[in-house]
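Chemist: Got a structure for you, questions after.
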Amino acid sequence: MQRLRQRAGKAMHPLVSAPDTIEWRVSDGLVPYEEALAFMQERAAAIRSRDAAECVWLLEHPPLFTAGTSSDPAELTNPLGLPVHEAGRGGRYTYHGPGQRVGYLMLDLECRGRDVRRLVHSLEGWIIAALKDLGVEAHRSQGRIGIWVGEGAEEAKIAALGIRVKRWVTLHGFSINVSPHLAHFSGIVPCGIAELGVTSLAALGKQPSLSLVDASLKRSFPAFLSALEQPCKVS
C-alpha cells in the first residue's frame, strides 16, 4: 500500500474533512483506472482492519469504459477502441473521461447501519443537492439508476452511480458529467438505458470548474453523512 500511497499522494492534496475522521482527497491530472482500483481495494481492507480512516477520493480518469457485474456485451460497441475495465461494482457499462468528476467512497457501513439501500438513496440525495448548489435541478427517476435532469423526451442522465460493498466497506461511487466529451458515450448503452440520452453541466449552459464542483460536493456532504450512523474511530 505504501507504493500506492506514494503514487496517489504525488498527485493529491487534502480537502477539509467532514467530519475530521474521514480523509478527503482530490487528484490533479488523470488517474489510471488500474491504480485507482488497486488503491480502493487496499484502502478498504485497511479500513476494515481499523488501520486507516475512511476516505472520499475525487478524481478524473483518461477515456475508458468500466463494466459492472450486470454488464451485457451487446451494450458495448466501442468504435474508438477505448480501454474496457472490469470494475467489480454493481451496474452495467459506464464511461469515464476528462471533464467528469468521479467520486470514490471508502466508507465503513459496519458503523453506519449496514443498510446498502439507505446508502444508495443518501448518495443520490447528495449528488442532487450538489447539483442544486451549482444551479441545476436534478432528480431520481423511478426504475432507473442514476441522476437525471429534464422531463419526458428531454430527460437525460447527468450522473451515474455504482457501488460495491466488501465486508461492509464501500468501494466505487459516482460520476458527475461536468464537461466530458459526450460523443464518447455512444460507444455503450449507458447503464443499459438506450431510450434516453446523457448530458452534462456544460451542455446545460453551466461552466463550473472541477474545483467548484468539489466545493459543492463538500458543502452537501454533511447532509449525506447525517443519514448514516455515527462514524467509527480508527484505533
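Just remember, in the C-alpha cells the first chain shown is A, the second B, etc., residues are 1-based per chain, and ligands are 1-based in the order shown.
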With a distance cut-off of 10 Å and only C-alpha atoms, select the neighbouring residues of Thr66 in chain A, excluding the residue or stretch itself and same-chain residues fewer than 3 positions from it, and output the selection as a list of chain:residue names.
Modeler: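 The residues that qualify are A:Tyr33, A:Ser71, A:Pro83, A:Val84, A:His85, A:Glu86, A:Ala87, A:Gly88, A:Arg89, A:Gly91, A:Arg92, A:Tyr93, A:Thr94, A:Tyr95, A:His96.
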Chemist: Where does DSSP see alpha helix (DSSP H) in range 26-147 of chain A, if you list the residues as a ChimeraX atom specification?
Modeler: /A:33-48,116-133
Chemist: Taking only C-alpha atoms into account, name the residue in A:Val56, A:Ala138, A:Val198, A:Ile188 that is nearest to Gly81 in chain A.
Modeler: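 Among the listed residues, A:Ile188 lies closest to Gly81 in chain A.
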Chemist: Given only C-alpha atoms as the basis, pick out the residue of A:Leu59, A:Ile163, A:Leu82, A:Leu225 nearest to Val116 in chain A.
Modeler: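 Under the stated criterion, the closest residue is A:Ile163.
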Chemist: Figure out the distance between CA of Val178 in chain A and CA of Glu54 in chain A, please, to one decimal in Å.
Modeler: 25.6 Å
Chemist: Which one of A:Gly135, A:Gly143, A:Pro180, A:Gly97 sits closest to Gly205 in chain A if you count only C-alpha atoms?
Modeler: A:Gly135
Chemist: Using only C-alpha atoms, can you tell me which of A:Ala36, A:Gly173, A:Thr77, A:Leu107 comes closest to Arg48 in chain A?
Modeler: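 For Arg48 in chain A, the nearest of the candidates is A:Leu107.
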Chemist: Mind pulling up the distance from CA of Phe221 in chain A to CA of His61 in chain A?
Modeler: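 It comes out at 22.4 Å.
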Chemist: I want to know what sits within 8 Å of Arg164 in chain A, based on only C-alpha atoms, with residues of the same chain fewer than 2 positions away left out; could you give that as a list in words?
Modeler: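 Once the adjacent positions are removed, what remains is Gly88, Arg89, Gly90, Gly162, Lys166, Thr170, Leu171 and His172 of chain A.
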Chemist: Go ahead and dump the residues you just picked, C-alpha atoms, as a PDB file, in the first residue's frame.
Modeler:
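Printed below is selection_30.pdb as written:
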```
ATOM      1  CA  GLY A  88     -16.428  -5.390  -9.820  1.00  0.00           C
ATOM      2  CA  ARG A  89     -19.104  -2.854  -8.848  1.00  0.00           C
ATOM      3  CA  GLY A  90     -22.821  -3.155  -9.397  1.00  0.00           C
ATOM      4  CA  GLY A 162     -22.136   2.258  -8.923  1.00  0.00           C
ATOM      5  CA  LYS A 166     -16.974  -5.706   0.632  1.00  0.00           C
ATOM      6  CA  THR A 170     -17.826   0.580   0.281  1.00  0.00           C
ATOM      7  CA  LEU A 171     -15.837   0.916  -2.944  1.00  0.00           C
ATOM      8  CA  HIS A 172     -16.509   2.895  -6.136  1.00  0.00           C
TER       9      HIS A 172
END
```
Chemist: Write out as a PyMOL selection string the residues lying within 8 Å of range 212-219 of chain A, counting only C-alpha atoms and excluding same-chain residues fewer than 3 positions away.
Modeler: chain A and resi 18+58+101+126-127+130-131+133-134+208-209+222
Chemist: Can you write just those residues out, C-alpha atoms, as a PDB file, in the first residue's frame?
Modeler:
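Heads up, here's the output in again-v1.pdb:
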```pdb
ATOM      1  CA  ALA A  18     -16.283  16.456   7.119  1.00  0.00           C
ATOM      2  CA  LEU A  58     -12.331  12.939  -6.155  1.00  0.00           C
ATOM      3  CA  ARG A 101     -15.840  14.354 -11.719  1.00  0.00           C
ATOM      4  CA  TRP A 126     -26.009  14.138  -2.014  1.00  0.00           C
ATOM      5  CA  ILE A 127     -25.482  14.449  -5.774  1.00  0.00           C
ATOM      6  CA  ALA A 130     -24.607  19.391  -5.002  1.00  0.00           C
ATOM      7  CA  LEU A 131     -26.097  19.945  -8.460  1.00  0.00           C
ATOM      8  CA  ASP A 133     -25.910  24.238  -5.394  1.00  0.00           C
ATOM      9  CA  LEU A 134     -24.493  24.595  -8.920  1.00  0.00           C
ATOM     10  CA  PRO A 208     -18.192  25.369 -13.279  1.00  0.00           C
ATOM     11  CA  SER A 209     -14.604  24.343 -12.752  1.00  0.00           C
ATOM     12  CA  PRO A 222     -22.671  16.605   5.923  1.00  0.00           C
TER      13      PRO A 222
END
```
Chemist: Give me the residues within 9 Å of Val136 in chain A as a list in words, counting only C-alpha atoms and dropping any in the same chain fewer than 6 places off.
Modeler: Ile128, Ala130, Val149, Leu201, Leu204 and Lys206 of chain A
Chemist: With only C-alpha atoms as the atoms that count, which of A:Gly197, A:Ser122, A:Val31, A:Pro63 lies nearest to Ile158 in chain A?
Modeler: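 Closest to Ile158 in chain A, using only C-alpha atoms: A:Gly197.
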